[in-house]
Every structure is written in structure tokens, then in C-alpha cells.
>>> print(open('structure28.cif').read())   # mmCIF, C-alpha atoms and all ligand atoms
data_input
#
loop_
_atom_site.label_atom_id
_atom_site.label_comp_id
_atom_site.auth_asym_id
_atom_site.auth_seq_id
_atom_site.Cartn_x
_atom_site.Cartn_y
_atom_site.Cartn_z
CA MET A 831 0.00 0.00 0.00
CA ARG A 832 1.27 3.48 -0.86
CA GLN A 833 2.09 5.77 2.07
CA PRO A 834 -0.11 8.88 2.23
CA TYR A 835 1.67 12.13 1.31
CA ARG A 836 2.56 13.99 4.55
CA THR A 837 3.40 17.68 4.86
CA THR A 838 2.54 20.81 6.84
CA THR A 839 -0.46 22.60 5.38
CA VAL A 840 -0.48 26.40 5.08
CA CYS A 841 -3.66 28.27 4.12
CA PHE A 842 -3.77 31.67 2.39
CA GLN A 843 -6.89 33.77 1.92
CA VAL A 844 -7.01 35.19 -1.60
CA ASP A 845 -9.45 37.56 -3.24
CA PRO A 846 -11.35 35.40 -5.76
CA GLN A 847 -11.44 38.16 -8.41
CA HIS A 848 -8.13 39.96 -7.83
CA PRO A 849 -5.80 37.56 -6.02
CA ASP A 850 -2.79 39.08 -4.24
CA PRO A 851 0.26 38.11 -6.34
CA ARG A 852 2.40 37.15 -3.28
CA PRO A 853 0.59 33.97 -2.14
CA ILE A 854 0.04 33.09 -5.80
CA ALA A 855 3.78 33.37 -6.51
CA ARG A 856 4.56 31.20 -3.48
CA ALA A 857 1.99 28.60 -4.54
CA GLY A 858 3.37 28.64 -8.10
CA ALA A 859 6.87 27.99 -6.72
CA THR A 860 5.49 25.09 -4.65
CA ILE A 861 4.00 23.56 -7.82
CA ARG A 862 7.32 23.96 -9.67
CA ALA A 863 9.14 22.34 -6.73
CA GLY A 864 6.89 19.27 -6.97
CA GLY A 865 4.49 20.11 -4.11
CA LEU A 866 0.69 20.10 -3.86
CA VAL A 867 -1.54 23.21 -3.91
CA ALA A 868 -5.32 23.15 -3.43
CA PHE A 869 -7.04 25.98 -5.31
CA PRO A 870 -10.55 27.19 -6.14
CA THR A 871 -12.08 26.81 -9.59
CA GLU A 872 -15.59 27.80 -10.65
CA THR A 873 -16.72 24.17 -10.25
CA VAL A 874 -15.06 22.69 -7.13
CA TYR A 875 -11.65 23.02 -5.41
CA GLY A 876 -8.81 21.16 -7.13
CA LEU A 877 -5.75 19.43 -5.65
CA GLY A 878 -2.99 20.56 -7.98
CA ALA A 879 0.50 19.39 -8.95
CA ASN A 880 2.87 19.95 -11.89
CA ALA A 881 1.18 17.93 -14.65
CA LEU A 882 4.48 17.15 -16.36
CA ASP A 883 6.21 15.72 -13.23
CA SER A 884 5.21 12.12 -12.50
CA THR A 885 6.57 12.23 -8.93
CA ALA A 886 4.45 15.29 -8.14
CA VAL A 887 1.43 13.63 -9.81
CA GLU A 888 1.94 10.54 -7.65
CA LYS A 889 1.62 12.73 -4.53
CA ILE A 890 -1.94 13.62 -5.61
CA PHE A 891 -2.92 9.94 -5.61
CA ARG A 892 -1.20 9.41 -2.22
CA ALA A 893 -2.81 12.49 -0.64
CA LYS A 894 -6.33 11.55 -1.76
CA GLY A 895 -6.07 7.80 -1.36
CA ARG A 896 -7.17 7.67 -4.99
CA PRO A 897 -6.87 4.41 -6.96
CA ALA A 898 -4.22 4.50 -9.68
CA ASN A 899 -6.77 3.57 -12.37
CA ASP A 900 -8.62 6.91 -12.06
CA PRO A 901 -6.96 9.51 -14.34
CA LEU A 902 -6.62 13.24 -13.56
CA ILE A 903 -7.74 16.37 -15.43
CA VAL A 904 -5.03 18.79 -16.61
CA HIS A 905 -5.77 22.50 -16.15
CA ILE A 906 -4.44 25.12 -18.56
CA ALA A 907 -4.56 28.93 -18.55
CA ASP A 908 -4.15 29.45 -22.28
CA LEU A 909 -5.05 27.40 -25.35
CA SER A 910 -1.40 27.58 -26.47
CA GLN A 911 -0.61 25.10 -23.64
CA LEU A 912 -2.71 22.46 -25.44
CA SER A 913 0.14 21.67 -27.81
CA HIS A 914 2.31 20.49 -24.86
CA LEU A 915 -0.34 18.00 -23.78
CA ALA A 916 -2.30 16.75 -26.78
CA VAL A 917 -1.74 15.69 -30.38
CA SER A 918 -4.06 15.85 -33.40
CA VAL A 919 -6.53 18.18 -31.68
CA SER A 920 -9.58 18.30 -33.94
CA GLU A 921 -11.23 21.40 -35.31
CA ILE A 922 -14.37 20.60 -33.30
CA ALA A 923 -12.28 20.53 -30.10
CA TYR A 924 -11.02 24.03 -30.85
CA ARG A 925 -14.56 25.21 -31.59
CA LEU A 926 -15.74 23.80 -28.26
CA PHE A 927 -12.88 25.43 -26.38
CA LYS A 928 -13.51 28.75 -28.18
CA ARG A 929 -17.12 28.63 -26.98
CA PHE A 930 -16.69 27.13 -23.49
CA ALA A 931 -13.13 27.93 -22.34
CA PRO A 932 -12.55 29.19 -19.78
CA GLY A 933 -15.37 27.16 -18.31
CA ALA A 934 -16.71 23.91 -16.94
CA LEU A 935 -15.98 21.77 -20.00
CA THR A 936 -13.25 19.10 -20.00
CA LEU A 937 -12.24 17.52 -23.32
CA VAL A 938 -10.62 14.10 -23.65
CA LEU A 939 -7.89 14.29 -26.30
CA ASN A 940 -5.02 12.16 -27.64
CA LYS A 941 -2.12 12.63 -25.25
CA ARG A 942 1.43 13.67 -25.98
CA GLU A 943 4.28 11.51 -24.73
CA ALA A 944 5.39 14.23 -22.29
CA VAL A 945 2.24 13.66 -20.21
CA PRO A 946 3.18 11.16 -17.47
CA ALA A 947 1.52 7.75 -17.63
CA ASN A 948 0.38 7.86 -13.99
CA LEU A 949 -1.61 11.07 -14.70
CA THR A 950 -3.67 9.32 -17.38
CA ALA A 951 -3.83 5.93 -15.61
CA GLY A 952 -1.83 4.42 -18.45
CA MET A 953 -4.26 5.50 -21.17
CA ASP A 954 -3.16 7.23 -24.36
CA THR A 955 -5.70 10.01 -23.83
CA VAL A 956 -5.62 13.09 -21.61
CA ALA A 957 -8.47 15.20 -20.17
CA VAL A 958 -7.94 18.98 -20.37
CA ARG A 959 -9.84 22.04 -19.21
CA MET A 960 -9.36 25.77 -18.65
CA PRO A 961 -10.98 26.79 -15.37
CA ASP A 962 -12.98 30.03 -15.25
CA HIS A 963 -11.50 31.36 -12.01
CA ALA A 964 -8.95 34.17 -11.56
CA VAL A 965 -7.12 32.30 -8.76
CA ALA A 966 -6.78 29.07 -10.76
CA LEU A 967 -5.61 30.93 -13.88
CA ALA A 968 -3.11 33.05 -11.89
CA LEU A 969 -1.75 29.91 -10.23
CA ILE A 970 -1.22 28.12 -13.56
CA ASP A 971 0.52 31.24 -14.90
CA ALA A 972 2.72 31.54 -11.80
CA ALA A 973 3.64 27.85 -11.99
CA GLY A 974 4.47 28.30 -15.67
CA ARG A 975 3.15 24.85 -16.52
CA PRO A 976 -0.15 22.97 -16.76
CA ILE A 977 -1.55 21.75 -13.44
CA ALA A 978 -3.01 18.28 -12.90
CA ALA A 979 -5.88 18.43 -10.41
CA PRO A 980 -8.66 16.16 -9.30
CA SER A 981 -11.25 17.47 -6.87
CA ALA A 982 -9.53 18.20 -3.53
CA ASN A 983 -11.46 15.71 -1.40
CA ARG A 984 -10.45 12.35 0.05
CA PHE A 985 -11.34 9.59 -2.39
CA SER A 986 -15.09 8.94 -2.64
CA ARG A 987 -16.06 11.85 -0.33
CA PRO A 988 -18.27 14.70 -1.63
CA SER A 989 -16.24 17.18 -3.71
CA PRO A 990 -15.11 20.33 -1.85
CA THR A 991 -16.82 23.63 -2.60
CA THR A 992 -15.02 25.59 0.16
CA ALA A 993 -11.45 25.72 1.49
CA GLN A 994 -12.83 24.42 4.81
CA HIS A 995 -13.97 21.22 3.07
CA VAL A 996 -10.46 20.84 1.64
CA ALA A 997 -8.83 21.37 5.04
CA HIS A 998 -11.24 18.87 6.62
CA ASP A 999 -10.26 16.14 4.15
CA LEU A 1000 -6.61 16.96 3.39
CA ASP A 1001 -5.02 18.86 6.30
CA GLY A 1002 -1.43 17.55 6.55
CA ARG A 1003 -1.59 16.16 3.00
CA VAL A 1004 -1.40 19.34 0.90
CA ASP A 1005 1.33 22.00 1.10
CA ILE A 1006 -0.81 25.09 0.41
CA ILE A 1007 -4.55 25.75 0.36
CA LEU A 1008 -5.58 28.91 -1.50
CA ASP A 1009 -8.88 29.99 0.07
CA GLY A 1010 -10.86 31.95 -2.51
CA GLY A 1011 -14.25 31.45 -0.87
CA PRO A 1012 -17.09 29.19 -2.02
CA THR A 1013 -17.08 28.00 -5.64
CA SER A 1014 -19.79 29.38 -7.91
CA ILE A 1015 -21.05 26.32 -9.84
CA GLY A 1016 -20.57 23.70 -7.13
CA LEU A 1017 -20.51 20.60 -9.38
CA GLU A 1018 -17.56 19.34 -11.42
CA SER A 1019 -17.00 20.01 -15.10
CA THR A 1020 -18.75 18.18 -17.93
CA ILE A 1021 -16.35 15.64 -19.48
CA LEU A 1022 -16.66 15.14 -23.24
CA SER A 1023 -14.69 12.66 -25.34
CA LEU A 1024 -14.21 13.44 -29.02
CA LEU A 1025 -12.25 10.29 -29.75
CA GLY A 1026 -14.99 7.73 -30.44
CA ASP A 1027 -17.36 7.44 -33.39
CA ALA A 1028 -19.63 10.12 -31.96
CA PRO A 1029 -18.85 12.79 -29.32
CA GLN A 1030 -19.65 11.18 -25.97
CA VAL A 1031 -20.32 12.82 -22.62
CA LEU A 1032 -18.55 10.77 -19.95
CA ARG A 1033 -19.71 12.85 -16.99
CA PRO A 1034 -22.49 15.47 -16.95
CA GLY A 1035 -21.44 18.66 -15.16
CA GLY A 1036 -21.32 22.44 -15.18
CA VAL A 1037 -21.97 22.81 -18.93
CA SER A 1038 -25.37 21.38 -19.90
CA LEU A 1039 -25.93 18.87 -22.70
CA GLU A 1040 -28.33 21.37 -24.27
CA ALA A 1041 -25.53 23.98 -24.51
CA LEU A 1042 -23.06 21.43 -25.94
CA ARG A 1043 -25.57 20.26 -28.57
CA GLU A 1044 -25.51 23.74 -30.12
CA ILE A 1045 -22.00 22.86 -31.32
CA VAL A 1046 -22.11 19.03 -31.34
CA PRO A 1047 -25.70 18.03 -32.20
CA ASP A 1048 -24.72 14.34 -32.51
CA LEU A 1049 -23.56 14.15 -28.91
CA THR A 1050 -24.35 10.97 -26.97
CA TYR A 1051 -24.64 10.29 -23.26
CA GLN A 1052 -25.05 6.83 -21.74
CA PRO A 1053 -25.40 7.11 -17.98
CA GLN A 1054 -23.26 4.39 -16.45
CA TYR A 1055 -23.42 3.40 -12.85
CA LEU A 1056 -20.95 0.57 -12.62
CA PRO A 1057 -19.64 -1.36 -9.66
CA ASP A 1058 -16.20 -0.23 -8.44
CA ASP A 1059 -13.93 -2.57 -10.34
CA ALA A 1060 -15.65 -2.79 -13.72
CA ALA A 1061 -13.82 -1.47 -16.76
CA ALA A 1062 -15.48 1.84 -17.62
CA PRO A 1063 -14.81 4.30 -20.46
CA SER A 1064 -14.47 7.04 -17.83
CA PRO A 1065 -12.77 5.24 -14.98
CA GLY A 1066 -14.15 7.67 -12.39
CA SER A 1067 -17.71 6.70 -13.32
CA MET A 1068 -17.73 3.95 -10.73
CA LEU A 1069 -20.90 4.02 -8.70
CA LYS A 1070 -19.66 4.64 -5.17
CA HIS A 1071 -18.59 8.26 -5.21
CA TYR A 1072 -19.42 11.51 -3.51
CA SER A 1073 -20.57 9.46 -0.54
CA PRO A 1074 -21.56 11.01 2.72
CA ARG A 1075 -21.40 8.69 5.75
CA ALA A 1076 -25.18 8.55 5.95
CA THR A 1077 -27.21 6.34 3.59
CA VAL A 1078 -28.82 8.38 0.81
CA ILE A 1079 -32.31 7.37 -0.37
CA LEU A 1080 -33.66 8.94 -3.55
CA PHE A 1081 -37.31 9.35 -4.48
CA ARG A 1082 -38.34 9.54 -8.14
CA GLY A 1083 -41.74 10.37 -9.61
CA ASP A 1084 -43.94 13.08 -11.12
CA ASP A 1085 -46.60 13.31 -8.43
CA ASP A 1086 -45.49 15.89 -5.82
CA GLU A 1087 -48.01 14.82 -3.21
CA ALA A 1088 -47.14 11.15 -3.58
CA ILE A 1089 -43.40 11.90 -3.27
CA TRP A 1090 -43.85 13.88 -0.07
CA ALA A 1091 -46.18 11.26 1.36
CA ALA A 1092 -43.54 8.58 0.69
CA MET A 1093 -40.83 10.68 2.31
CA LYS A 1094 -43.05 11.31 5.34
CA THR A 1095 -43.71 7.61 5.74
CA PHE A 1096 -39.99 6.91 5.58
CA ALA A 1097 -39.21 9.67 8.09
CA LYS A 1098 -41.87 8.39 10.52
CA ASN A 1099 -40.43 4.89 10.43
CA HIS A 1100 -36.73 5.78 10.83
CA ASP A 1101 -34.60 7.71 13.33
CA HIS A 1102 -31.97 10.37 12.51
CA VAL A 1103 -33.37 11.33 9.13
CA GLY A 1104 -32.02 14.25 7.09
CA LEU A 1105 -33.69 15.89 4.11
CA LEU A 1106 -32.29 17.77 1.11
CA ALA A 1107 -34.97 19.97 -0.42
CA LEU A 1108 -35.51 23.13 -2.42
CA GLU A 1109 -36.55 26.10 -0.30
CA LYS A 1110 -40.14 25.95 -1.51
CA ASP A 1111 -40.42 22.36 -0.31
CA ALA A 1112 -38.35 22.52 2.88
CA THR A 1113 -41.39 23.10 5.09
CA ARG A 1114 -43.34 20.15 3.67
CA ILE A 1115 -42.24 17.76 6.36
CA ALA A 1116 -41.44 20.41 8.94
CA ASP A 1117 -43.85 18.75 11.34
CA LEU A 1118 -41.63 15.67 11.37
CA ASP A 1119 -38.44 15.26 13.38
CA VAL A 1120 -35.95 15.58 10.48
CA GLU A 1121 -32.81 17.65 9.88
CA VAL A 1122 -33.47 19.80 6.82
CA GLU A 1123 -30.80 21.25 4.50
CA SER A 1124 -32.25 23.75 2.05
CA LEU A 1125 -30.80 23.55 -1.45
CA GLY A 1126 -31.96 27.08 -2.28
CA VAL A 1127 -34.50 28.55 -4.66
CA ASP A 1128 -33.81 26.61 -7.87
CA LEU A 1129 -31.61 23.93 -9.44
CA ASP A 1130 -28.69 26.31 -10.06
CA ALA A 1131 -28.66 27.12 -6.36
CA ALA A 1132 -29.04 23.42 -5.59
CA ALA A 1133 -25.92 22.62 -7.66
CA THR A 1134 -23.94 25.16 -5.64
CA ARG A 1135 -25.12 23.77 -2.32
CA LEU A 1136 -25.43 20.03 -2.93
CA PHE A 1137 -21.99 18.82 -1.78
CA SER A 1138 -21.80 21.13 1.22
CA ALA A 1139 -25.35 20.11 2.22
CA LEU A 1140 -24.31 16.42 2.15
CA ARG A 1141 -21.29 17.22 4.33
CA SER A 1142 -23.40 19.33 6.67
CA LEU A 1143 -26.01 16.59 7.19
CA ASP A 1144 -23.16 14.18 7.94
CA SER A 1145 -21.79 16.52 10.60
CA ARG A 1146 -25.28 16.79 12.10
CA GLY A 1147 -25.13 13.04 12.69
CA VAL A 1148 -28.02 11.83 10.50
CA GLU A 1149 -28.14 8.20 9.42
CA TRP A 1150 -30.43 8.67 6.42
CA ILE A 1151 -30.51 11.42 3.80
CA LEU A 1152 -33.68 11.72 1.71
CA ALA A 1153 -33.78 13.64 -1.57
CA ARG A 1154 -35.92 13.88 -4.67
CA LEU A 1155 -34.32 13.19 -8.06
CA PRO A 1156 -34.69 16.30 -10.25
CA ASP A 1157 -35.68 16.36 -13.93
CA THR A 1158 -32.77 15.58 -16.24
CA THR A 1159 -32.89 18.90 -18.12
CA GLY A 1160 -30.12 21.51 -17.73
CA VAL A 1161 -28.09 21.24 -14.56
CA GLY A 1162 -30.67 18.75 -13.22
CA LEU A 1163 -28.85 16.00 -15.13
CA ALA A 1164 -25.58 16.57 -13.25
CA ILE A 1165 -27.33 16.99 -9.89
CA GLY A 1166 -29.19 13.71 -10.45
CA ASP A 1167 -25.93 11.99 -11.45
CA ARG A 1168 -24.18 13.07 -8.21
CA LEU A 1169 -27.22 12.11 -6.11
CA LEU A 1170 -27.37 8.67 -7.76
CA ARG A 1171 -23.70 8.09 -6.98
CA ALA A 1172 -24.12 9.32 -3.39
CA ALA A 1173 -27.07 6.91 -3.07
CA GLU A 1174 -25.12 4.11 -4.73
CA GLY A 1175 -28.03 3.67 -7.08
CA VAL A 1176 -30.79 3.25 -4.46
CA VAL A 1177 -33.96 4.86 -5.85
CA ILE A 1178 -37.56 4.50 -4.72
CA ASP A 1179 -39.96 4.92 -7.64
CA VAL A 1180 -43.08 6.59 -6.30
CA LYS A 1181 -46.32 5.78 -8.15
CA PRO A 1182 -48.79 8.61 -8.72
CA ARG A 1183 -51.78 8.70 -6.35
CA ARG A 1184 -55.14 8.53 -8.04
O1 LIG A 1201 -14.57 20.44 -12.37
C1 LIG A 1201 -13.73 19.55 -12.41
O2 LIG A 1201 -13.60 18.81 -13.37
C2 LIG A 1201 -12.80 19.40 -11.18
C3 LIG A 1201 -11.96 20.67 -11.06
C4 LIG A 1201 -10.91 20.57 -9.98
O3 LIG A 1201 -11.39 20.97 -12.30
N1 LIG A 1201 -11.98 18.25 -11.29
C5 LIG A 1201 -12.47 17.00 -11.15
O4 LIG A 1201 -11.51 16.00 -11.19
O5 LIG A 1201 -13.64 16.76 -10.97
P1 LIG A 1201 -11.78 14.51 -10.70
O6 LIG A 1201 -10.47 13.85 -10.65
O7 LIG A 1201 -12.54 14.51 -9.46
O8 LIG A 1201 -12.53 13.86 -11.87
C6 LIG A 1201 -11.82 13.65 -13.07
C7 LIG A 1201 -12.43 12.55 -13.87
C8 LIG A 1201 -11.88 11.17 -13.58
O9 LIG A 1201 -12.52 10.56 -12.52
C9 LIG A 1201 -12.15 10.48 -14.89
O10 LIG A 1201 -13.46 9.96 -14.86
C10 LIG A 1201 -12.11 11.58 -15.91
O11 LIG A 1201 -12.04 12.78 -15.21
N2 LIG A 1201 -10.95 11.48 -16.77
C11 LIG A 1201 -9.72 12.02 -16.60
N3 LIG A 1201 -8.90 11.69 -17.61
C12 LIG A 1201 -9.64 10.94 -18.46
C13 LIG A 1201 -9.35 10.30 -19.71
N4 LIG A 1201 -8.16 10.39 -20.28
N5 LIG A 1201 -10.37 9.62 -20.28
C14 LIG A 1201 -11.58 9.54 -19.72
N6 LIG A 1201 -11.89 10.12 -18.54
C15 LIG A 1201 -10.94 10.82 -17.93
MG MG A 1202 -13.53 13.94 -7.84
#
>>> encode(input="structure28.cif", output="C-alpha cells")
Amino acid sequence: MRQPYRTTTVCFQVDPQHPDPRPIARAGATIRAGGLVAFPTETVYGLGANALDSTAVEKIFRAKGRPANDPLIVHIADLSQLSHLAVSVSEIAYRLFKRFAPGALTLVLNKREAVPANLTAGMDTVAVRMPDHAVALALIDAAGRPIAAPSANRFSRPSPTTAQHVAHDLDGRVDIILDGGPTSIGLESTILSLLGDAPQVLRPGGVSLEALREIVPDLTYQPQYLPDDAAAPSPGSMLKHYSPRATVILFRGDDDEAIWAAMKTFAKNHDHVGLLALEKDATRIADLDVEVESLGVDLDAAATRLFSALRSLDSRGVEWILARLPDTTGVGLAIGDRLLRAAEGVVIDVKPRR
């Protein structure tokens, strides 16, 4: 078994829009020296290392306790860095980057030899994105090289949307945490592969399928919820992921009243129940003894709050977390995907009441 990466963690507060160049310069030097820096992006916090240094990349896996078969995303600050990472980048890839970079879109491309094999889990492809966050972009510039970064959580825990989440999971395992406040999107990037017969979404995320289809109308998406060790096209698509300690139970159906009745029945028959709900629904089972985490006014707000709400219910000691699966349009698709993984596929289909 690999030893976890051990270090002393230092945290710097940075303005998310206009980061002070001093902590950024220090963090950039740490990346160049082969260390680990956690930094905010618009999606979630990343745990970064020099993407072109296999020893530094290995530290990411050791710090997270991440299996070696789960490849990392490389973050760039400028499209000119693509040529150091990928070969035969298609015209459609450039069109997608022109439209969505910087932003929450990750493209899977053919990798260059210079990209270390441990970063890509031995595959001949590499995932690349340009984050839309001043701190992330300044850090990549200061480091002077692309930065490999998975989400900065311990393996299989909910992704971090604040520096406090990062510190909770990785204190003593990351050299520097850049605290730029809460992330704005709250769910990870959409991963799109352009290497098969048709463009294929491997993970729904911050950019919706509807938005991508404006450029790639023939896009496909096959939700895959595989057991841990199965061979998957996107190795991180294994089912158990984003898991809080509590058991998550999802409710699916079109009939509002029937859904809430089913949740009420569950809450009456179990102790230590937590509920994730939109603000408009949070009072529905207020008369029951449940811990409620509001997800905000709409699905965009829910995306921002989902992971921190899961962590918060955990810290409040609940044993069960109930939530309703949203529609699969827009950001609802990515929210549903993360909920399904947190629930390890457990869904109660609620029949309409007559
Ligand atoms: O928003 C995000 O994407 C965040 C921020 C930090 O950028 N990063 C992130 O990384 O979510 P991570 O490691 O938690 O998820 C990366 C996933 C892997 O689990 C894997 O499924 C996929 O990206 N991936 C990476 N390289 C790949 C490749 N060459 N082919 C297919 N999938 C790949
Ligand atoms: Mg992750």
C-alpha cells in the first residue's frame, strides 16, 4: 500500500477576483518544486500538482487515497498550452474550447508523450480544461506549466466547494490551500470525449448537454453506474462516489403529493433522518423530526449547495438522507448523477396517487 503524502499545510486567503500576487507566486513555486496546492475553480476546489512531473502527480494519488486507475484532469490557462499536452486536436475541439473555455468543459484528447503515464492511468488520452476562475488561472501562470488536479477531497467523499472542506479532508496532505471562498457552480466540469465514433459525454457537469448540442448536435450520453472494479470508459464513473457517511435514499416520480407522502412515511419509520430539499419544499415535512438542508431557490442554487449540504447533514449526525431526483434537463442531469452516486443507485420509484 502506498504511504499517504505527509506535509505541513499552510492556508492563504485570496481575493477570488483579484488575487494578491504574493501567495500566488509562493503557490506557483510550490508547484514547480513538486508540491501540492489546493485551489478554487468555478466548479469545485482542485488538488494541484505539476502535470508534467510524474513524482508530483503521484503525490496527488497518495494524498487523496485515490486508486491508480482513475486519471486526472489537466488544467491550462491558455489554449497555447494544449500543444504540450495533446496531439491531433480536432477542429471541433477548438470550436468547443472557443465557446466554453474558460469554463466547466473538460475535453478528452489524444495525449502527448510528455504527459506522465500515472496522470492518465496508463491511457493514451488526456483530459484537459481551462478553469474560469482568476485564482486558478493566476496559479497556472505563476507555476508556468499545466496543473493536474482532481477534486480536492479524500477519495469517494463529496467534492469540496469551500477551502474548509479541503482542510477537513486533506489537512497535513497538501502544502498550500488557496482559500478563494465558495465555488460558484458547485458541481464538477462536464467531461466530453471526441475520440470515439460520436462525441460522448462521460460525466455530466457544469456545462449542460443542451448547450453542448448547439456545437455538437450528434452528442451521446449513456449514464453508467458501474460497480467499483468494472472497466469503464471514464474510470471515475464507478458508482460509489461523492458518498456522505449517511445512507442516501432517492425518491423519483412526477406526483409531488405522492413523493412527499412517501418521504413522510420513511421519516416516521426511521430515526436520525435528514432531508435535502428546495426552499419551496423545505417546510413540507417540517412537522416531522428531520434535519433539513435547504438547497436554495432553484436547481442552479441546488448545484452550488449540494456537496456542502451532504457534508453538513453528515456533521449533524443523520443516518439517512432523503432527496428527490430532479428532472434531467439543464443542470438537473448533473445533480441527479451526483445524487445517484451518493445513493449508490438506491432509488424509490413513487407511483402517482389517483
Ligand atoms: O470540475 C472539475 O472537473 C474538477 C476541477 C478541480 O477541475 N476536477 C475533477 O476531477 O472533478 P476529478 O479527478 O474529481 O474527476 C476527473 C475525472 C476522472 O474521474 C475520470 O473519470 C475523468 O475525469 N478522466 C480524466 N482523464 C480521463 C481520460 N483520459 N479519459 C476519460 N476520462 C478521464
Ligand atoms: Mg472527484
>>> residues_near_point(input="structure28.cif", point="(-10.3, 31.6, -1.2)", cutoff="7 Å", atoms="all atoms listed in the file", output="tab-separated table (two decimals) with C-alpha atoms, keeping the file's coordinate frame")
chain	number	residue	atom	x	y	z
A	843	GLN	CA	-6.89	33.77	1.92
A	844	VAL	CA	-7.01	35.19	-1.60
A	845	ASP	CA	-9.45	37.56	-3.24
A	846	PRO	CA	-11.35	35.40	-5.76
A	870	PRO	CA	-10.55	27.19	-6.14
A	993	ALA	CA	-11.45	25.72	1.49
A	1008	LEU	CA	-5.58	28.91	-1.50
A	1009	ASP	CA	-8.88	29.99	0.07
A	1010	GLY	CA	-10.86	31.95	-2.51
A	1011	GLY	CA	-14.25	31.45	-0.87
>>> atom_distance(input="structure28.cif", atom1="atom CA of A:Phe891", atom2="atom CA of A:Arg1135")
26.4 Å
>>> residues_around(input="structure28.cif", residues="A:His905", least_positions_apart="6", cutoff="7 Å", atoms="only C-alpha atoms", output="list of chain:residue names")
A:Val958, A:Arg959, A:Met960, A:Pro961, A:Pro976, A:Ile977, A:Ala978
>>> residues_around(input="structure28.cif", residues="A:Leu935", least_positions_apart="3", cutoff="7 Å", atoms="all atoms listed in the file", output="list in words")
Phe930, Arg959, Ser1019, Thr1020, Ile1021 and Val1037 of chain A
>>> axis_aligned_box(input="structure28.cif", around="ligand LIG 1201 (chain A)", padding_each_side="3 Å", output="JSON")
{"center_x": -11.4, "center_y": 15.3, "center_z": -14.9, "size_x": 12.4, "size_y": 17.4, "size_z": 16.8}
>>> residues_near_ligand(input="structure28.cif", ligand="ligand MG 1202 (chain A)", cutoff="8 Å", atoms="all atoms listed in the file", output="CSV table (one decimal) with C-alpha atoms, in the coordinates of the input")
chain,number,residue,atom,x,y,z
A,980,PRO,CA,-8.7,16.2,-9.3
A,981,SER,CA,-11.2,17.5,-6.9
A,982,ALA,CA,-9.5,18.2,-3.5
A,983,ASN,CA,-11.5,15.7,-1.4
A,985,PHE,CA,-11.3,9.6,-2.4
A,986,SER,CA,-15.1,8.9,-2.6
A,988,PRO,CA,-18.3,14.7,-1.6
A,989,SER,CA,-16.2,17.2,-3.7
A,1018,GLU,CA,-17.6,19.3,-11.4
A,1066,GLY,CA,-14.2,7.7,-12.4
A,1072,TYR,CA,-19.4,11.5,-3.5
>>> residues_near_ligand(input="structure28.cif", ligand="ligand LIG 1201 (chain A)", cutoff="6 Å", atoms="all atoms listed in the file", output="PyMOL selection string")
chain A and resi 873-876+900-903+938+950+955-957+979-981+1018-1019+1064-1067
>>> residues_around(input="structure28.cif", residues="stretch 852-854 of chain A", least_positions_apart="3", cutoff="12 Å", atoms="all atoms listed in the file", output="number ranges by chain")
A: 840-846, 848-849, 857-861, 867-869, 964-974, 1006-1010
>>> atom_distance(input="structure28.cif", atom1="atom CA of A:Asn1099", atom2="atom CA of A:Thr1077")
15.0 Å
>>> closest_residue(input="structure28.cif", among="A:Leu1108, A:Asp1085, A:Val1078, A:Thr1113", to="A:Leu1152", atoms="only C-alpha atoms")
A:Val1078
>>> residues_around(input="structure28.cif", residues="A:Ser913", least_positions_apart="2", cutoff="12 Å", atoms="all atoms listed in the file", output="list in words")
Ile906, Asp908, Leu909, Ser910, Gln911, Leu915, Ala916, Val917, Ser918, Val919, Ser920, Tyr924, Leu939, Asn940, Lys941, Arg942, Glu943, Ala944, Val945, Val958 and Pro976 of chain A
>>> closest_residue(input="structure28.cif", among="A:Ala863, A:Leu949, A:Ile1178, A:Ala923", to="A:Ile890", atoms="all atoms listed in the file")
A:Leu949
>>> closest_residue(input="structure28.cif", among="A:His1102, A:Arg1184, A:Arg1171, A:Arg984", to="A:Arg1003", atoms="all atoms listed in the file")
A:Arg984
